[in-house]
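Structure below is structure-v3.cif: mmCIF, C-alpha atoms.
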```cif
data_model
#
loop_
_atom_site.group_PDB
_atom_site.id
_atom_site.type_symbol
_atom_site.label_atom_id
_atom_site.label_comp_id
_atom_site.auth_asym_id
_atom_site.auth_seq_id
_atom_site.Cartn_x
_atom_site.Cartn_y
_atom_site.Cartn_z
ATOM 1 C CA MET A 921 96.063 84.171 117.646
ATOM 2 C CA ALA A 922 97.329 87.744 117.562
ATOM 3 C CA THR A 923 100.220 88.606 115.302
ATOM 4 C CA ARG A 924 102.972 90.848 116.495
ATOM 5 C CA ALA A 925 103.678 93.874 114.380
ATOM 6 C CA ARG A 926 107.254 94.202 113.280
ATOM 7 C CA VAL A 927 108.738 97.487 114.406
ATOM 8 C CA ARG A 928 111.050 98.983 111.826
ATOM 9 C CA ILE A 929 113.944 101.087 113.033
ATOM 10 C CA ARG A 930 114.314 104.286 111.043
ATOM 11 C CA ARG A 931 117.671 104.352 109.301
ATOM 12 C CA THR A 932 119.729 107.490 108.994
ATOM 13 C CA PRO A 933 120.979 108.098 105.468
ATOM 14 C CA PRO A 934 124.675 108.727 104.772
ATOM 15 C CA ALA A 935 125.524 112.418 105.163
ATOM 16 C CA GLU A 936 126.636 112.751 101.542
ATOM 17 C CA LEU A 937 123.435 111.316 100.033
ATOM 18 C CA GLY A 938 121.227 114.423 100.288
ATOM 19 C CA PRO A 939 123.776 116.864 98.867
ATOM 20 C CA MET A 940 124.547 114.439 96.023
ATOM 21 C CA LEU A 941 120.858 114.231 95.091
ATOM 22 C CA ALA A 942 120.423 118.005 95.349
ATOM 23 C CA ALA A 943 123.444 118.528 93.076
ATOM 24 C CA ALA A 944 122.042 116.033 90.559
ATOM 25 C CA ARG A 945 118.678 117.795 90.643
ATOM 26 C CA GLU A 946 120.320 121.164 90.024
ATOM 27 C CA ARG A 947 122.458 119.651 87.247
ATOM 28 C CA THR A 948 119.308 118.506 85.459
ATOM 29 C CA GLY A 949 117.622 121.871 85.993
ATOM 30 C CA HIS A 950 114.693 120.452 87.964
ATOM 31 C CA THR A 951 112.950 121.850 91.004
ATOM 32 C CA GLN A 952 112.000 119.598 93.910
ATOM 33 C CA ALA A 953 108.376 119.913 92.825
ATOM 34 C CA ARG A 954 109.178 118.796 89.286
ATOM 35 C CA VAL A 955 111.256 115.847 90.536
ATOM 36 C CA SER A 956 108.503 114.775 92.898
ATOM 37 C CA ILE A 957 105.878 114.844 90.152
ATOM 38 C CA ALA A 958 108.072 113.002 87.648
ATOM 39 C CA ALA A 959 109.046 110.364 90.231
ATOM 40 C CA GLY A 960 105.541 110.004 91.654
ATOM 41 C CA LEU A 961 106.721 111.014 95.133
ATOM 42 C CA GLY A 962 105.600 113.702 97.543
ATOM 43 C CA ARG A 963 107.503 116.976 97.382
ATOM 44 C CA SER A 964 108.038 116.939 101.149
ATOM 45 C CA TYR A 965 109.481 113.408 100.884
ATOM 46 C CA VAL A 966 111.976 114.556 98.237
ATOM 47 C CA CYS A 967 112.856 117.534 100.449
ATOM 48 C CA LEU A 968 113.411 115.259 103.461
ATOM 49 C CA ILE A 969 115.659 112.943 101.446
ATOM 50 C CA GLU A 970 117.743 115.850 100.134
ATOM 51 C CA GLY A 971 117.913 117.293 103.650
ATOM 52 C CA GLY A 972 119.310 114.043 105.046
ATOM 53 C CA HIS A 973 116.269 113.352 107.219
ATOM 54 C CA ARG A 974 114.884 110.335 105.351
ATOM 55 C CA THR A 975 116.281 107.252 103.694
ATOM 56 C CA PRO A 976 114.478 106.414 100.447
ATOM 57 C CA SER A 977 112.866 103.074 99.793
ATOM 58 C CA ARG A 978 114.364 100.996 96.988
ATOM 59 C CA VAL A 979 111.431 101.835 94.705
ATOM 60 C CA ALA A 980 111.729 105.567 95.447
ATOM 61 C CA ALA A 981 115.495 105.389 94.882
ATOM 62 C CA GLU A 982 114.993 103.777 91.464
ATOM 63 C CA ARG A 983 112.474 106.452 90.483
ATOM 64 C CA LEU A 984 114.764 109.259 91.654
ATOM 65 C CA ALA A 985 117.759 107.773 89.847
ATOM 66 C CA ASP A 986 115.831 107.733 86.574
ATOM 67 C CA VAL A 987 114.392 111.232 86.907
ATOM 68 C CA LEU A 988 117.711 112.753 88.023
ATOM 69 C CA GLN A 989 119.681 110.878 85.350
ATOM 70 C CA LEU A 990 122.221 109.739 87.927
ATOM 71 C CA THR A 991 125.603 108.401 86.890
ATOM 72 C CA ASP A 992 126.434 104.764 87.622
ATOM 73 C CA GLN A 993 128.467 105.854 90.661
ATOM 74 C CA GLU A 994 125.630 108.036 91.973
ATOM 75 C CA ARG A 995 123.114 105.236 91.424
ATOM 76 C CA ALA A 996 125.315 102.810 93.343
ATOM 77 C CA GLN A 997 125.558 105.277 96.230
ATOM 78 C CA LEU A 998 121.788 105.827 96.263
ATOM 79 C CA TYR A 999 120.933 102.126 96.007
ATOM 80 C CA ALA A 1000 123.377 101.260 98.785
ATOM 81 C CA ALA A 1001 121.537 103.649 101.123
ATOM 82 C CA ALA A 1002 118.004 102.638 100.062
ATOM 83 C CA VAL A 1003 115.910 100.374 102.269
ATOM 84 C CA SER A 1004 113.898 97.437 100.990
ATOM 85 C CA ASP A 1005 111.315 97.194 103.769
ATOM 86 C CA ALA A 1006 109.861 100.693 103.926
ATOM 87 C CA GLY A 1007 107.609 103.061 102.024
ATOM 88 C CA LEU A 1008 106.896 102.008 98.458
ATOM 89 C CA SER A 1009 109.078 98.919 98.955
ATOM 90 C CA HIS A 1010 107.221 97.655 102.020
ATOM 91 C CA PRO A 1011 106.185 94.000 101.549
ATOM 92 C CA ALA A 1012 102.552 94.824 102.377
ATOM 93 C CA ARG A 1013 102.419 97.258 99.458
ATOM 94 C CA GLN A 1014 104.035 94.772 97.103
ATOM 95 C CA ALA A 1015 101.271 92.248 97.811
ATOM 96 C CA ALA A 1016 98.499 94.765 97.120
#
```
How does this structure look as structure tokens?
Amino acid sequence: MATRARVRIRRTPPAELGPMLAAARERTGHTQARVSIAAGLGRSYVCLIEGGHRTPSRVAAERLADVLQLTDQERAQLYAAAVSDAGLSHPARQAA
């Protein structure tokens, strides 16, 4: 019996998310490269999130929040936008 693959619809992040993360990164004095290394994420992925082209997974959001030392309000905003079924948070990766 063949299983049907679930097609995930790409979600557009809120317009204010990228600029908020970029401001937090600048506030901490980090470059995108440094943030990506510290968070264990690809630099292009961090760039796409800051540019408003990608929505982070929940795991990526947690890593970014820690590295960028986000305030409680910023964390809440980031976590509200994060997705739980993509990227590092995908159920198939959790089982591995």
**Report entry** Polymer residues at most 12 Å from A:Leu990, all atoms listed in the file, same-chain spacing of 2 or more positions, as an MDAnalysis selection string
**Finding:** chainID A and resid 940:948 981:988 992:999
Query raised in the report: With only C-alpha atoms as the basis for distance, which of A:Gln989, A:Thr951, A:Ser1004, A:Thr975 is at the shortest distance from A:Arg963?
Result: A:Thr951
**Report entry** Matched chain/residue IDs from the PyMOL selection byres ((chain A and resi 971) around 10), as a count of residues only
**Finding:** 16
Query - Atom pair atom CA of A:Ser977 / atom CA of A:Val1003: separation (Å) - result: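 Those two atoms sit 4.8 Å apart.
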Query - Å distance separating atom CA of A:Gly962 from atom CA of A:Arg931, one decimal place - result: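 Taking atom CA of A:Gly962 as the start and atom CA of A:Arg931 as the end point, the length is 19.3 Å.
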**Report entry** Atom pair atom CA of A:Ala980 / atom CA of A:Ala953: separation (Å)
**Finding:**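 About the pair atom CA of A:Ala980 and atom CA of A:Ala953: they are 15.0 Å apart.
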